[in-house]
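As structure tokens, the structure follows; a few thoughts come after it.
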Amino acid sequence: MRHLVVLEAVQPATPPPAELMAGIMALGEEATRAGALIDTAGLAPSLVGAKVTVGAGAGLQVTDGPFAESKEMISYAVYDTRTKEEAVEWTSRFMALHRDLWPGWEGEARVLKVMGPEDF
Amino acid sequence: MGAGTAAVEAVWRIESGRLVAGLARLTGDVGTAEEFAQDALVAALEQWPVTGVPPNPGGWLMTTARNRAVDGFRRAAVHRRAVETVGRAAPASLDERDAVDDALDDPVGDDLLRLLFTACHPALNREYRVALTLRCLTGLRTDEIARAFLVPEPVAGQRISRAKKALRDKGIRFEMPGPAEVTERLASVLEVIYLVFNEGYSATAGDDWMRPELSAEALRLARLTAVSVPDHPEAHGLAALLELTQSRAAARHDATGRPVLLQHQDRRRWDRLLVRRGLAALVRARDAGGGTVGPYTLQAAIAACHATAPTAADTDWVQIAGLYDVLATAWPSPVVALNRAMAHGHAAGPAAGLALLDAVDVEALARYPQLPAVRGELLAMAGEHAAAAAGFAEAAALTRNGPERALFTERADRARAAADPMGP
């Protein structure tokens with residue numbers, strides 16, 4: 001089954017430590033090699049994005065970034081695993097790296113199941 | 001299954017291959033390594049639901065397994081040979097923790113690859129290779145392997161234990177073959193993965209059209225292999241073939257579970273991410289091959305023709321027929337000849353296909369339902385509906401797969417109706 005993990009975070013003013021980046025690379029390589037991580041990418045700041053909204057009576061509205069949310073979408077990852085717990089475990093390892101290696105970092109990763117053949 | 005147990009299983013899925021591989025490096029013996037890894041799993045299942053998953057679960061499993069290994073070796077005289085191996089690998093002066101870290105410190109997965117090459121040793125028979133690979137590399141339990149291959153659990157257990165015994169008896173060590181042998185041994189690895197995938201993708205018997213978990217495991221092993229031996233084009237070719245084939249999985253049956261043939265599939269249900277991954281792997285296969293392609297890469301190229309056609313009518317059958325010509329020349333087989341006839345039937349008309357069908361070795365395919373099914377298909381295209389109906393009826397009688405039988409029966413009925421529109 002497939003899970004989409006979206007990462008939202010408040011980034012500290014300090015740049016990400018080199019150890020964190022190395023840890024993320026190693027974990028990503030491990031998960032890719034295991035066949036579990038099948039797609040991932042970073043997301044540019046919402047400053048260069050836009051949102052298209054449908055509101056009551058307002059019709060379609062296109063708003064350029066940045067968005068007012070306190071947290072920014074940082075990245076996404078797609079995992080192909082046998083269970084939800086496995087996707088959660090990979091995500092926990094990813095989050096633990098941030099906790100351990102980047103003081104002041106706060107974030108939230110949502111693990112969302114992508115509907116698959118098993119759901120029908 | 002409780003939430004705690006599910007968490008243990010998740011960690012087990014992620015760590016078991018590396019754990020067995022690391023232990024095999026310590027003990028030199030895959031069978032012993034696998035047993036100690038299982039012991040560690042049992043310990044985790046007992047403790048983690050109570051204590052919670054430890055911060056470094058892989059390290060915990062490795063330490064536990066290694067401690068059990070040392071205990072076991074101390075007690076059991078039958079393991080004397082292995083004790084000596086461990087003694088050499090980890091002399092008393094060496095801090096145990098270092099040895100454990102060392103066994104886990106395998107960022108590029110060389111141990112996993114070594115485990116794969118050992119489990120797929122050509123000296124083992126094919127059934128043993130498949131069972132051992134699934135058990136050691138994917139962490140599938142014996143009952144899951146039994147279910148996947150539709151055999152009773154004791155039979156699956158026997159295959160695994162006999163495979164381990166065979167490794168021991170034949171003196172097959174946990175090691176990578178030399179560079180000269182890698183290509184040859186890799187062929188066995190790829191074959192096992194291909195077999196496992198196909199067993200899951202089109203079950204030869206039973207009522208499940210697919211056993212999706214088995215295909216998913218094979219796809220993961222193919223990805224692992226391709227990443228591990230990036231210079232070998234066929235590893236990428238197999239990965240490409242499996243990604244592209246798997247991309248169609250959701251469209252292969254309708255809402256009631258009945259099979260849907262390629263030309264009738266709803267292509268919106270094809271998995272675009274897997275298509276993209278498959279096409280990328282195909283490019284890597286061609287690059288690594290430097291102009292020469294192997295059979296998996298060729299089959300992947302055929303799958304890519306289907307994957308990139310927006311509708312069935314847009315299929316580039318001329319290119320597919322050409323790829324089958326190459327495949328039939330370099331790696332001839334009765335099944336390839338059959339598919340080649342089908343491709344030429346689409347590319348140049350049913351007469352061309354039927355002419356090639358005459359050259360297919362029907363003796364070799366006497367029990368193969370696709371032979372009469374392809375004949376039926378080509379005859380239906382030629383407007384010879386009565387003969388087509390006979391082909392589909394023969395296919396229905398031959399298949400051991402329930403849903404497939406229903407599909408062939410329905411096509412036979414339709415062909416009969418087309419042959420005699422005024423009939424009952």
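Letters for chains follow the order of the structure tokens (A, B, ...), residue numbers begin at 1 for each chain, and ligand numbers begin at 1 in the order shown.
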How would you write, as an MDAnalysis selection string, the set of residues in chain A that DSSP gives as helix (DSSP H, G or I)?
chainID A and resid 18:33 46:48 84:101 117:119
Excluding same-chain residues fewer than 3 positions from segment 110-117 of chain A, what lies within 6 Å of it counting only C-alpha atoms, as a ChimeraX atom specification?
/A:2-6,120 /B:250
To one decimal place in Å, what is the distance between atom CA of Gln299 of chain B and atom CA of Ala77 of chain A?
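Calculated distance between atom CA of Gln299 of chain B and atom CA of Ala77 of chain A is 29.5 Å.
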For chain B, which residues have at least one atom within 8 Å of chain A, if we go by only C-alpha atoms? Write them as a PyMOL selection string, please.
chain B and resi 6-7+10-11+13-14+107-108+213+219-221+223-224+227-228+250+255
Can you tell me, as a PyMOL selection string, what residues are no more than 10 Å from Trp102 of chain A when counting only C-alpha atoms, ignoring any on the same chain fewer than 5 positions away?
chain A and resi 11-12+14-20+96-97
Would you work out the distance separating atom CA of Glu108 of chain A from atom CA of Glu69 of chain A, expressed in Å to one decimal?
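Separation between atom CA of Glu108 of chain A and atom CA of Glu69 of chain A: 13.4 Å.
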Find the residues near Arg411 of chain B: any atom within 10 Å, counting only C-alpha atoms, skip ones fewer than 5 places away on the same chain, and give them as a list of chain:residue names.
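Once the adjacent positions are removed, what remains is B:Ala373, B:Gly376, B:Glu377, B:Ala380, B:Ala388, B:Ala389, B:Gly391, B:Phe392, B:Ala393, B:Ala396, B:Arg405, B:Ala406, B:Arg416, B:Ala417.
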Just write the chosen residues, all heavy atoms, as a tab-separated table (two decimals), in the first residue's frame.
chain	number	residue	atom	x	y	z
B	373	ALA	N	-5.92	-19.54	-26.58
B	373	ALA	CA	-6.54	-18.21	-26.42
B	373	ALA	C	-6.04	-17.25	-27.49
B	373	ALA	O	-6.82	-16.49	-28.07
B	373	ALA	CB	-6.24	-17.65	-25.03
B	376	GLY	N	-7.56	-18.20	-30.70
B	376	GLY	CA	-8.94	-17.70	-30.71
B	376	GLY	C	-8.99	-16.21	-31.04
B	376	GLY	O	-9.81	-15.76	-31.84
B	377	GLU	N	-8.08	-15.46	-30.42
B	377	GLU	CA	-8.03	-14.01	-30.63
B	377	GLU	C	-7.76	-13.68	-32.11
B	377	GLU	O	-8.44	-12.84	-32.71
B	377	GLU	CB	-6.91	-13.44	-29.74
B	377	GLU	CG	-6.65	-11.96	-29.88
B	377	GLU	CD	-7.57	-11.13	-29.01
B	377	GLU	OE1	-8.04	-11.67	-27.99
B	377	GLU	OE2	-7.82	-9.97	-29.37
B	380	ALA	N	-10.69	-14.66	-34.27
B	380	ALA	CA	-11.79	-13.71	-34.11
B	380	ALA	C	-11.52	-12.45	-34.93
B	380	ALA	O	-12.41	-11.89	-35.58
B	380	ALA	CB	-11.99	-13.37	-32.64
B	388	ALA	N	-12.75	-19.52	-33.62
B	388	ALA	CA	-12.31	-18.73	-32.47
B	388	ALA	C	-12.94	-19.26	-31.19
B	388	ALA	O	-12.27	-19.40	-30.16
B	388	ALA	CB	-12.66	-17.26	-32.68
B	389	ALA	N	-14.25	-19.57	-31.27
B	389	ALA	CA	-14.97	-20.09	-30.09
B	389	ALA	C	-14.31	-21.38	-29.60
B	389	ALA	O	-14.15	-21.58	-28.38
B	389	ALA	CB	-16.44	-20.34	-30.43
B	391	GLY	N	-11.20	-22.21	-29.89
B	391	GLY	CA	-9.94	-21.84	-29.24
B	391	GLY	C	-10.18	-21.38	-27.81
B	391	GLY	O	-9.51	-21.84	-26.88
B	392	PHE	N	-11.14	-20.48	-27.61
B	392	PHE	CA	-11.40	-19.97	-26.26
B	392	PHE	C	-11.93	-21.08	-25.34
B	392	PHE	O	-11.58	-21.12	-24.15
B	392	PHE	CB	-12.39	-18.80	-26.31
B	392	PHE	CG	-11.80	-17.56	-26.91
B	392	PHE	CD1	-12.41	-16.92	-27.99
B	392	PHE	CD2	-10.62	-17.02	-26.41
B	392	PHE	CE1	-11.86	-15.77	-28.54
B	392	PHE	CE2	-10.06	-15.87	-26.96
B	392	PHE	CZ	-10.68	-15.24	-28.03
B	393	ALA	N	-12.75	-21.98	-25.89
B	393	ALA	CA	-13.27	-23.07	-25.07
B	393	ALA	C	-12.12	-23.97	-24.60
B	393	ALA	O	-12.08	-24.42	-23.45
B	393	ALA	CB	-14.30	-23.87	-25.87
B	396	ALA	N	-10.31	-22.25	-21.84
B	396	ALA	CA	-11.08	-22.32	-20.58
B	396	ALA	C	-10.88	-23.68	-19.92
B	396	ALA	O	-10.78	-23.78	-18.69
B	396	ALA	CB	-12.56	-22.06	-20.86
B	405	ARG	N	-10.74	-18.65	-16.22
B	405	ARG	CA	-11.63	-19.60	-16.89
B	405	ARG	C	-12.94	-18.88	-17.27
B	405	ARG	O	-13.47	-19.04	-18.37
B	405	ARG	CB	-11.93	-20.80	-16.00
B	405	ARG	CG	-12.76	-21.87	-16.71
B	405	ARG	CD	-13.01	-23.09	-15.84
B	405	ARG	NE	-11.78	-23.59	-15.25
B	405	ARG	CZ	-11.50	-23.58	-13.94
B	405	ARG	NH1	-12.40	-23.11	-13.09
B	405	ARG	NH2	-10.36	-24.03	-13.50
B	406	ALA	N	-13.46	-18.08	-16.34
B	406	ALA	CA	-14.71	-17.37	-16.60
B	406	ALA	C	-14.55	-16.44	-17.81
B	406	ALA	O	-15.43	-16.33	-18.66
B	406	ALA	CB	-15.12	-16.57	-15.36
B	416	ARG	N	-19.10	-17.62	-30.31
B	416	ARG	CA	-20.16	-18.49	-30.82
B	416	ARG	C	-21.35	-17.66	-31.29
B	416	ARG	O	-21.93	-17.92	-32.34
B	416	ARG	CB	-20.61	-19.48	-29.74
B	416	ARG	CG	-20.08	-20.91	-29.97
B	416	ARG	CD	-20.78	-21.90	-29.07
B	416	ARG	NE	-20.51	-21.64	-27.66
B	416	ARG	CZ	-19.43	-22.09	-27.00
B	416	ARG	NH1	-18.54	-22.83	-27.63
B	416	ARG	NH2	-19.25	-21.80	-25.74
B	417	ALA	N	-21.70	-16.65	-30.48
B	417	ALA	CA	-22.83	-15.78	-30.84
B	417	ALA	C	-22.54	-15.04	-32.14
B	417	ALA	O	-23.41	-14.85	-32.99
B	417	ALA	CB	-23.12	-14.80	-29.71
Report the distance between atom CA of Leu124 of chain B and atom CA of Ala33 of chain B in Å, rounded to one decimal place.
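Computed distance, atom CA of Leu124 of chain B to atom CA of Ala33 of chain B, equals 18.1 Å.
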Excluding Ile160 of chain B and any residue of its chain fewer than 6 positions from it, enumerate the residues within 10 Å of it, using only C-alpha atoms, and give them as a ChimeraX atom specification.
/B:31,127-136,142,145,154,166
Determine, counting only C-alpha atoms, which protein, DNA and RNA residues have an atom within 12 Å of an atom of Asn339 of chain B; residues of the same chain fewer than 6 positions away are not included. Present the result as a ChimeraX atom specification.
/B:299,302,317,320-325,327-328,332-333,345-346,353-354,356-357,360,370-371,373-375,377-378
Can I get the selected residues back with N, CA, C and O atoms, as a compact mmCIF listing (two decimals), in the first residue's frame?
# COMPACT_ATOMS: atom_id res chain seq x y z
N GLN B 299 11.88 -7.13 -22.79
CA GLN B 299 10.48 -7.26 -22.35
C GLN B 299 9.99 -5.96 -21.72
O GLN B 299 8.82 -5.60 -21.86
N ILE B 302 8.99 -3.66 -24.43
CA ILE B 302 7.65 -4.00 -24.93
C ILE B 302 6.58 -3.44 -23.97
O ILE B 302 5.61 -2.81 -24.40
N TRP B 317 2.13 -1.45 -32.44
CA TRP B 317 2.33 -2.90 -32.59
C TRP B 317 3.50 -3.22 -33.52
O TRP B 317 4.12 -4.27 -33.39
N ILE B 320 6.41 -3.21 -31.28
CA ILE B 320 6.34 -4.38 -30.39
C ILE B 320 6.71 -5.65 -31.15
O ILE B 320 7.48 -6.49 -30.67
N ALA B 321 6.18 -5.78 -32.37
CA ALA B 321 6.48 -6.96 -33.19
C ALA B 321 7.99 -7.03 -33.47
O ALA B 321 8.59 -8.11 -33.41
N GLY B 322 8.60 -5.87 -33.72
CA GLY B 322 10.04 -5.84 -33.97
C GLY B 322 10.82 -6.27 -32.74
O GLY B 322 11.81 -7.01 -32.84
N LEU B 323 10.38 -5.80 -31.55
CA LEU B 323 11.06 -6.20 -30.31
C LEU B 323 10.92 -7.70 -30.06
O LEU B 323 11.86 -8.36 -29.63
N TYR B 324 9.73 -8.25 -30.39
CA TYR B 324 9.56 -9.69 -30.24
C TYR B 324 10.43 -10.46 -31.23
O TYR B 324 10.91 -11.56 -30.94
N ASP B 325 10.65 -9.88 -32.43
CA ASP B 325 11.55 -10.54 -33.39
C ASP B 325 12.95 -10.69 -32.79
O ASP B 325 13.57 -11.75 -32.88
N LEU B 327 13.72 -10.61 -29.55
CA LEU B 327 13.62 -11.52 -28.41
C LEU B 327 13.60 -12.97 -28.89
O LEU B 327 14.28 -13.84 -28.34
N ALA B 328 12.83 -13.22 -29.95
CA ALA B 328 12.69 -14.60 -30.46
C ALA B 328 13.99 -15.10 -31.09
O ALA B 328 14.25 -16.30 -31.10
N PRO B 332 15.04 -17.47 -27.78
CA PRO B 332 13.81 -18.10 -28.24
C PRO B 332 13.17 -18.97 -27.16
O PRO B 332 13.86 -19.59 -26.36
N SER B 333 11.85 -18.94 -27.11
CA SER B 333 11.10 -19.84 -26.25
C SER B 333 9.71 -19.97 -26.86
O SER B 333 9.29 -19.10 -27.62
N GLY B 345 0.16 -10.31 -35.49
CA GLY B 345 -1.26 -10.31 -35.86
C GLY B 345 -1.85 -8.91 -35.75
O GLY B 345 -2.63 -8.47 -36.60
N HIS B 346 -1.44 -8.19 -34.69
CA HIS B 346 -1.93 -6.82 -34.51
C HIS B 346 -1.24 -5.86 -35.47
O HIS B 346 -1.84 -4.90 -35.95
N GLY B 353 -0.28 -13.17 -38.18
CA GLY B 353 -0.20 -13.77 -36.86
C GLY B 353 -0.44 -15.27 -36.92
O GLY B 353 0.31 -16.05 -36.31
N LEU B 354 -1.46 -15.67 -37.67
CA LEU B 354 -1.78 -17.10 -37.75
C LEU B 354 -0.66 -17.87 -38.42
O LEU B 354 -0.37 -19.01 -38.03
N LEU B 356 2.53 -17.17 -38.22
CA LEU B 356 3.58 -17.36 -37.22
C LEU B 356 3.16 -18.37 -36.16
O LEU B 356 3.99 -19.09 -35.60
N LEU B 357 1.87 -18.41 -35.89
CA LEU B 357 1.35 -19.35 -34.89
C LEU B 357 1.61 -20.79 -35.32
O LEU B 357 1.86 -21.67 -34.49
N VAL B 360 4.78 -22.15 -34.01
CA VAL B 360 4.97 -22.27 -32.57
C VAL B 360 5.01 -23.74 -32.17
O VAL B 360 4.25 -24.56 -32.71
N GLN B 370 -2.82 -20.05 -22.83
CA GLN B 370 -2.68 -18.87 -23.70
C GLN B 370 -2.53 -19.25 -25.17
O GLN B 370 -2.83 -18.44 -26.05
N LEU B 371 -2.07 -20.48 -25.45
CA LEU B 371 -1.92 -20.88 -26.85
C LEU B 371 -3.26 -20.90 -27.57
O LEU B 371 -3.45 -20.17 -28.56
N ALA B 373 -5.92 -19.54 -26.58
CA ALA B 373 -6.54 -18.21 -26.42
C ALA B 373 -6.04 -17.25 -27.49
O ALA B 373 -6.82 -16.49 -28.07
N VAL B 374 -4.72 -17.28 -27.78
CA VAL B 374 -4.17 -16.41 -28.82
C VAL B 374 -4.71 -16.84 -30.19
O VAL B 374 -5.10 -16.00 -31.01
N ARG B 375 -4.80 -18.16 -30.39
CA ARG B 375 -5.36 -18.62 -31.66
C ARG B 375 -6.80 -18.11 -31.80
O ARG B 375 -7.19 -17.59 -32.84
N GLU B 377 -8.08 -15.46 -30.42
CA GLU B 377 -8.03 -14.01 -30.63
C GLU B 377 -7.76 -13.68 -32.11
O GLU B 377 -8.44 -12.84 -32.71
N LEU B 378 -6.76 -14.36 -32.68
CA LEU B 378 -6.39 -14.08 -34.08
C LEU B 378 -7.52 -14.52 -35.02
O LEU B 378 -7.82 -13.81 -36.00
Neighbours of Glu191 of chain B within 10 Å (only C-alpha atoms; same-chain residues fewer than 6 positions away dropped), as a PyMOL selection string?
chain B and resi 120+126+129-130+185+197+238+296
